[in-house]
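Raw contents of coords.csv, CSV, C-alpha atoms:
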```
chain,number,residue,atom,x,y,z
A,30,MET,CA,38.4,-43.4,13.5
A,31,SER,CA,41.7,-42.8,15.3
A,32,LEU,CA,42.7,-39.5,17.0
A,33,ASP,CA,45.3,-39.0,14.4
A,34,THR,CA,42.9,-39.0,11.5
A,35,PRO,CA,42.2,-35.5,10.1
A,36,ARG,CA,38.5,-34.5,10.3
A,37,THR,CA,36.7,-33.1,7.3
A,38,PRO,CA,34.1,-30.4,8.2
A,39,LEU,CA,30.6,-31.4,7.3
A,40,ASP,CA,29.6,-27.9,6.4
A,41,THR,CA,32.4,-26.2,4.5
A,42,SER,CA,30.2,-23.3,3.6
A,43,ARG,CA,30.7,-21.8,7.1
A,44,THR,CA,34.5,-21.9,6.8
A,45,GLU,CA,34.6,-20.1,3.5
A,46,ALA,CA,35.4,-16.4,3.5
A,47,ARG,CA,32.4,-14.2,3.0
A,48,PRO,CA,32.5,-10.9,1.1
A,49,ALA,CA,32.4,-7.8,3.2
A,50,ARG,CA,29.2,-6.7,1.3
A,51,LEU,CA,26.7,-8.4,-1.0
A,52,SER,CA,27.1,-7.5,-4.6
A,53,PRO,CA,24.2,-5.4,-6.0
A,54,ASP,CA,23.2,-8.4,-8.2
A,55,GLU,CA,23.2,-10.8,-5.2
A,56,ALA,CA,21.2,-8.3,-3.1
A,57,ARG,CA,18.6,-7.8,-5.9
A,58,ARG,CA,18.3,-11.6,-6.2
A,59,ARG,CA,17.7,-12.0,-2.5
A,60,LEU,CA,15.2,-9.1,-2.4
A,61,GLU,CA,13.3,-10.5,-5.4
A,62,HIS,CA,13.0,-13.9,-3.6
A,63,ALA,CA,11.8,-12.2,-0.4
A,64,ARG,CA,9.3,-10.1,-2.4
A,65,ALA,CA,8.0,-13.2,-4.2
A,66,THR,CA,7.7,-15.1,-0.9
A,67,ARG,CA,5.7,-12.3,0.7
A,68,LEU,CA,3.4,-11.9,-2.4
A,69,THR,CA,2.7,-15.6,-2.2
A,70,GLN,CA,1.8,-15.3,1.5
A,71,LEU,CA,-0.6,-12.5,0.7
A,72,GLU,CA,-2.2,-14.5,-2.1
A,73,ALA,CA,-2.6,-17.5,0.3
A,74,LEU,CA,-4.3,-15.2,2.9
A,75,ASP,CA,-6.6,-13.9,0.2
A,76,GLU,CA,-7.6,-17.4,-0.8
A,77,THR,CA,-8.6,-18.5,2.7
A,78,GLY,CA,-12.0,-16.9,2.3
A,79,GLN,CA,-11.7,-15.2,5.6
A,80,THR,CA,-13.4,-11.8,6.0
A,81,ALA,CA,-11.3,-8.6,6.2
A,82,ASP,CA,-12.7,-8.2,9.7
A,83,ASP,CA,-10.7,-11.2,11.0
A,84,HIS,CA,-8.2,-9.6,13.4
A,85,LEU,CA,-5.4,-12.2,12.9
A,86,MET,CA,-5.7,-12.1,9.1
A,87,SER,CA,-5.7,-8.3,9.1
A,88,THR,CA,-2.6,-8.3,11.3
A,89,GLN,CA,-0.8,-10.7,9.1
A,90,ARG,CA,-1.7,-8.7,5.9
A,91,THR,CA,-0.5,-5.5,7.6
A,92,ALA,CA,2.8,-7.2,8.6
A,93,ILE,CA,3.4,-8.6,5.1
A,94,LYS,CA,2.6,-5.3,3.5
A,95,GLY,CA,5.1,-3.7,5.8
A,96,VAL,CA,7.8,-6.1,4.8
A,97,LEU,CA,7.0,-5.5,1.2
A,98,ALA,CA,7.5,-1.7,1.7
A,99,GLU,CA,10.8,-2.5,3.4
A,100,ILE,CA,11.8,-4.6,0.4
A,101,GLU,CA,10.9,-1.8,-2.0
A,102,ALA,CA,13.0,0.7,0.1
A,103,ALA,CA,15.9,-1.8,-0.1
A,104,PHE,CA,15.7,-1.8,-3.9
A,105,ALA,CA,15.9,2.0,-3.8
A,106,ARG,CA,19.0,1.8,-1.5
A,107,ILE,CA,20.7,-0.5,-4.0
A,108,GLU,CA,20.0,2.2,-6.7
A,109,ASP,CA,21.3,5.1,-4.6
A,110,GLY,CA,24.4,3.1,-3.3
A,111,SER,CA,23.4,3.1,0.3
A,112,TYR,CA,22.3,-0.6,0.5
A,113,GLY,CA,24.2,-2.5,3.3
A,114,ILE,CA,24.9,0.7,5.2
A,115,CYS,CA,23.1,1.1,8.6
A,116,SER,CA,20.8,4.1,8.5
A,117,GLY,CA,21.3,4.5,12.2
A,118,CYS,CA,25.1,4.5,12.6
A,119,ALA,CA,26.3,4.7,9.0
A,120,GLN,CA,28.4,1.6,9.5
A,121,PRO,CA,28.3,-1.5,7.2
A,122,VAL,CA,25.5,-4.0,8.1
A,123,PRO,CA,27.2,-7.4,8.5
A,124,PRO,CA,26.7,-9.6,5.4
A,125,GLU,CA,25.4,-12.4,7.6
A,126,ARG,CA,22.5,-10.1,8.7
A,127,LEU,CA,21.8,-9.2,5.1
A,128,GLU,CA,21.7,-12.9,4.2
A,129,ILE,CA,18.9,-13.4,6.7
A,130,LEU,CA,17.1,-10.1,6.2
A,131,PRO,CA,18.1,-8.7,2.9
A,132,TYR,CA,15.8,-5.7,3.3
A,133,THR,CA,17.1,-4.5,6.6
A,134,SER,CA,18.3,-1.0,6.9
A,135,HIS,CA,19.9,-1.3,10.3
A,136,CYS,CA,22.6,-3.2,12.1
A,137,VAL,CA,21.5,-5.3,15.1
A,138,ALA,CA,22.7,-2.7,17.7
A,139,CYS,CA,20.8,0.1,16.0
A,140,ARG,CA,17.7,-2.0,15.5
A,141,ARG,CA,17.7,-2.9,19.2
A,142,SER,CA,17.9,0.8,20.1
A,143,THR,CA,15.0,1.7,17.9
A,144,ALA,CA,12.8,-1.2,19.1
```
What's the structure tokens form of this structure?
Amino acid sequence: MSLDTPRTPLDTSRTEARPARLSPDEARRRLEHARATRLTQLEALDETGQTADDHLMSTQRTAIKGVLAEIEAAFARIEDGSYGICSGCAQPVPPERLEILPYTSHCVACRRSTA
């Protein structure tokens, strides 16, 4: 390949413009996927046959149930129109963050300040 040959990006999805906010339908789809994934994880934990006294298993169940509660809260934010707005600073949560954590209610800066 010569230096004059134009290069084609391998991953064109990163160069495409992203919407400022996820549509409610896209947000619901992502949340439904996240919920199904967490429910599958809970089911797998239940099928291990471990006792409820197992500290690691108990911690994992608690964490998964916490995320499920966050997912349900995100569904409620879609319904009331506040989805994608940081509950800390009232600024839009970047769509890239919502792609990774569709149930988040905070931007990165506000999450760091509450942690």
- Find the spatial neighbours of A:Tyr132, counting all atoms listed in the file, within a cut-off of 6 Å - ignore same-chain residues fewer than 4 positions away - and output them as a list in words.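 So, after excluding close chain neighbours, the residues are Glu99, Ile100 and Ala103 of chain A.
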Applying 12 Å and only C-alpha atoms, which residues near A:Ala92 remain after dropping the ones on its own chain fewer than 6 positions away? List them as an mmCIF file with C-alpha atoms, in the coordinates of the input.
```cif
data_model
loop_
_atom_site.group_PDB
_atom_site.id
_atom_site.type_symbol
_atom_site.label_atom_id
_atom_site.label_comp_id
_atom_site.auth_asym_id
_atom_site.auth_seq_id
_atom_site.Cartn_x
_atom_site.Cartn_y
_atom_site.Cartn_z
ATOM 1 C CA ARG A 67 5.700 -12.300 0.700
ATOM 2 C CA LEU A 68 3.400 -11.900 -2.400
ATOM 3 C CA GLN A 70 1.800 -15.300 1.500
ATOM 4 C CA LEU A 71 -0.600 -12.500 0.700
ATOM 5 C CA LEU A 85 -5.400 -12.200 12.900
ATOM 6 C CA MET A 86 -5.700 -12.100 9.100
ATOM 7 C CA ALA A 98 7.500 -1.700 1.700
ATOM 8 C CA GLU A 99 10.800 -2.500 3.400
#
```
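Residues within 8 Å of A:Gly117, counting all atoms listed in the file and excluding same-chain residues fewer than 6 positions away, are His135, Cys136 and Cys139 of chain A.
Proximity of A:Arg58, A:Arg90, A:Asp109, A:Ala63 to A:Asp75, computed with all atoms listed in the file, is greatest for A:Arg90.
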With a distance cut-off of 10 Å and all atoms listed in the file, select the neighbouring residues of A:Ser116, excluding the residue or stretch itself and same-chain residues fewer than 3 positions from it, and output the selection as a PDB file with C-alpha atoms, in the coordinates of the input.
```pdb
ATOM      1  CA  SER A 111      23.400   3.100   0.300  1.00  0.00           C
ATOM      2  CA  TYR A 112      22.300  -0.600   0.500  1.00  0.00           C
ATOM      3  CA  GLY A 113      24.200  -2.500   3.300  1.00  0.00           C
ATOM      4  CA  ALA A 119      26.300   4.700   9.000  1.00  0.00           C
ATOM      5  CA  GLN A 120      28.400   1.600   9.500  1.00  0.00           C
ATOM      6  CA  PRO A 121      28.300  -1.500   7.200  1.00  0.00           C
ATOM      7  CA  VAL A 122      25.500  -4.000   8.100  1.00  0.00           C
ATOM      8  CA  THR A 133      17.100  -4.500   6.600  1.00  0.00           C
ATOM      9  CA  SER A 134      18.300  -1.000   6.900  1.00  0.00           C
ATOM     10  CA  HIS A 135      19.900  -1.300  10.300  1.00  0.00           C
ATOM     11  CA  CYS A 136      22.600  -3.200  12.100  1.00  0.00           C
ATOM     12  CA  CYS A 139      20.800   0.100  16.000  1.00  0.00           C
ATOM     13  CA  ARG A 140      17.700  -2.000  15.500  1.00  0.00           C
TER      14      ARG A 140
END
```
Neighbouring residues of A:Gly110 were defined as those with any atom within 12 Å, considering only C-alpha atoms; residues of the same chain fewer than 4 positions away were excluded. Please report them as a PDB file with C-alpha atoms, in the coordinates of the input.
```pdb
ATOM      1  CA  ARG A  50      29.200  -6.700   1.300  1.00  0.00           C
ATOM      2  CA  LEU A  51      26.700  -8.400  -1.000  1.00  0.00           C
ATOM      3  CA  SER A  52      27.100  -7.500  -4.600  1.00  0.00           C
ATOM      4  CA  PRO A  53      24.200  -5.400  -6.000  1.00  0.00           C
ATOM      5  CA  ALA A  56      21.200  -8.300  -3.100  1.00  0.00           C
ATOM      6  CA  ALA A 103      15.900  -1.800  -0.100  1.00  0.00           C
ATOM      7  CA  PHE A 104      15.700  -1.800  -3.900  1.00  0.00           C
ATOM      8  CA  ALA A 105      15.900   2.000  -3.800  1.00  0.00           C
ATOM      9  CA  ARG A 106      19.000   1.800  -1.500  1.00  0.00           C
ATOM     10  CA  ILE A 114      24.900   0.700   5.200  1.00  0.00           C
TER      11      ILE A 114
END
```
- Query: To one decimal place, how far is atom CA of A:Thr88 from atom CA of A:Arg64 in Å?
  - Reply: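 Interatomic distance, atom CA of A:Thr88 to atom CA of A:Arg64: 18.2 Å.
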- Message: Could you tell me how far atom CA of A:Leu97 sits from atom CA of A:Asp83, in Å to one decimal place?
- Response: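 Computing it gives 21.0 Å between the two atoms.
Taking atom CA of A:Glu101 and atom CA of A:Pro131 as the two end points, the separation is 11.1 Å.
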- Item | Top pick for closest residue to A:Leu60, considering A:Thr91, A:Arg141, A:Thr77, A:Leu130 and counting all atoms listed in the file |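 Among the listed residues, the smallest separation from A:Leu60 belongs to A:Leu130.
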Have stretch 74-95 of chain A completed to N, CA, C and O atoms, please, and pass it along as a JSON list (two decimals), in the coordinates of the input.
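That gives us result-v6.json:
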```json
[["chain", "number", "residue", "atom", "x", "y", "z"],
["A", 74, "LEU", "N", -3.31, -15.81, 1.94],
["A", 74, "LEU", "CA", -4.30, -15.20, 2.90],
["A", 74, "LEU", "C", -5.57, -14.84, 2.18],
["A", 74, "LEU", "O", -6.66, -15.05, 2.73],
["A", 75, "ASP", "N", -5.46, -14.30, 0.99],
["A", 75, "ASP", "CA", -6.60, -13.90, 0.20],
["A", 75, "ASP", "C", -7.49, -15.11, -0.17],
["A", 75, "ASP", "O", -8.72, -15.01, -0.27],
["A", 76, "GLU", "N", -6.84, -16.24, -0.37],
["A", 76, "GLU", "CA", -7.60, -17.40, -0.80],
["A", 76, "GLU", "C", -8.23, -18.19, 0.33],
["A", 76, "GLU", "O", -8.99, -19.12, 0.09],
["A", 77, "THR", "N", -7.98, -17.80, 1.57],
["A", 77, "THR", "CA", -8.60, -18.50, 2.70],
["A", 77, "THR", "C", -10.07, -18.28, 2.82],
["A", 77, "THR", "O", -10.78, -19.03, 3.48],
["A", 78, "GLY", "N", -10.56, -17.19, 2.22],
["A", 78, "GLY", "CA", -12.00, -16.90, 2.30],
["A", 78, "GLY", "C", -12.37, -16.21, 3.58],
["A", 78, "GLY", "O", -13.55, -16.02, 3.85],
["A", 79, "GLN", "N", -11.42, -15.86, 4.40],
["A", 79, "GLN", "CA", -11.70, -15.20, 5.60],
["A", 79, "GLN", "C", -12.15, -13.74, 5.34],
["A", 79, "GLN", "O", -11.75, -13.16, 4.34],
["A", 80, "THR", "N", -12.92, -13.19, 6.21],
["A", 80, "THR", "CA", -13.40, -11.80, 6.00],
["A", 80, "THR", "C", -12.26, -10.86, 6.40],
["A", 80, "THR", "O", -11.36, -11.20, 7.17],
["A", 81, "ALA", "N", -12.33, -9.66, 5.89],
["A", 81, "ALA", "CA", -11.30, -8.60, 6.20],
["A", 81, "ALA", "C", -11.42, -8.21, 7.66],
["A", 81, "ALA", "O", -10.50, -7.60, 8.19],
["A", 82, "ASP", "N", -12.53, -8.56, 8.34],
["A", 82, "ASP", "CA", -12.70, -8.20, 9.70],
["A", 82, "ASP", "C", -11.94, -9.13, 10.68],
["A", 82, "ASP", "O", -11.81, -8.83, 11.87],
["A", 83, "ASP", "N", -11.48, -10.24, 10.20],
["A", 83, "ASP", "CA", -10.70, -11.20, 11.00],
["A", 83, "ASP", "C", -9.45, -10.52, 11.50],
["A", 83, "ASP", "O", -8.58, -10.19, 10.71],
["A", 84, "HIS", "N", -9.32, -10.33, 12.81],
["A", 84, "HIS", "CA", -8.20, -9.60, 13.40],
["A", 84, "HIS", "C", -6.84, -10.22, 13.06],
["A", 84, "HIS", "O", -5.90, -9.52, 12.67],
["A", 85, "LEU", "N", -6.71, -11.53, 13.20],
["A", 85, "LEU", "CA", -5.40, -12.20, 12.90],
["A", 85, "LEU", "C", -5.04, -12.04, 11.47],
["A", 85, "LEU", "O", -3.90, -11.71, 11.15],
["A", 86, "MET", "N", -6.00, -12.24, 10.58],
["A", 86, "MET", "CA", -5.70, -12.10, 9.10],
["A", 86, "MET", "C", -5.33, -10.70, 8.79],
["A", 86, "MET", "O", -4.41, -10.46, 8.01],
["A", 87, "SER", "N", -6.03, -9.76, 9.38],
["A", 87, "SER", "CA", -5.70, -8.30, 9.10],
["A", 87, "SER", "C", -4.33, -8.00, 9.63],
["A", 87, "SER", "O", -3.58, -7.30, 8.94],
["A", 88, "THR", "N", -3.96, -8.52, 10.78],
["A", 88, "THR", "CA", -2.60, -8.30, 11.30],
["A", 88, "THR", "C", -1.55, -8.89, 10.45],
["A", 88, "THR", "O", -0.51, -8.26, 10.19],
["A", 89, "GLN", "N", -1.80, -10.10, 9.96],
["A", 89, "GLN", "CA", -0.80, -10.70, 9.10],
["A", 89, "GLN", "C", -0.69, -9.96, 7.76],
["A", 89, "GLN", "O", 0.43, -9.76, 7.29],
["A", 90, "ARG", "N", -1.78, -9.53, 7.18],
["A", 90, "ARG", "CA", -1.70, -8.70, 5.90],
["A", 90, "ARG", "C", -0.92, -7.46, 6.16],
["A", 90, "ARG", "O", -0.08, -7.09, 5.34],
["A", 91, "THR", "N", -1.18, -6.79, 7.27],
["A", 91, "THR", "CA", -0.50, -5.50, 7.60],
["A", 91, "THR", "C", 1.02, -5.79, 7.72],
["A", 91, "THR", "O", 1.84, -5.02, 7.19],
["A", 92, "ALA", "N", 1.39, -6.86, 8.41],
["A", 92, "ALA", "CA", 2.80, -7.20, 8.60],
["A", 92, "ALA", "C", 3.49, -7.50, 7.27],
["A", 92, "ALA", "O", 4.59, -7.03, 6.98],
["A", 93, "ILE", "N", 2.83, -8.28, 6.43],
["A", 93, "ILE", "CA", 3.40, -8.60, 5.10],
["A", 93, "ILE", "C", 3.54, -7.41, 4.25],
["A", 93, "ILE", "O", 4.57, -7.22, 3.59],
["A", 94, "LYS", "N", 2.53, -6.55, 4.26],
["A", 94, "LYS", "CA", 2.60, -5.30, 3.50],
["A", 94, "LYS", "C", 3.74, -4.41, 3.98],
["A", 94, "LYS", "O", 4.41, -3.73, 3.19],
["A", 95, "GLY", "N", 3.98, -4.42, 5.28],
["A", 95, "GLY", "CA", 5.10, -3.70, 5.80],
["A", 95, "GLY", "C", 6.43, -4.17, 5.36],
["A", 95, "GLY", "O", 7.32, -3.38, 5.00]]
```
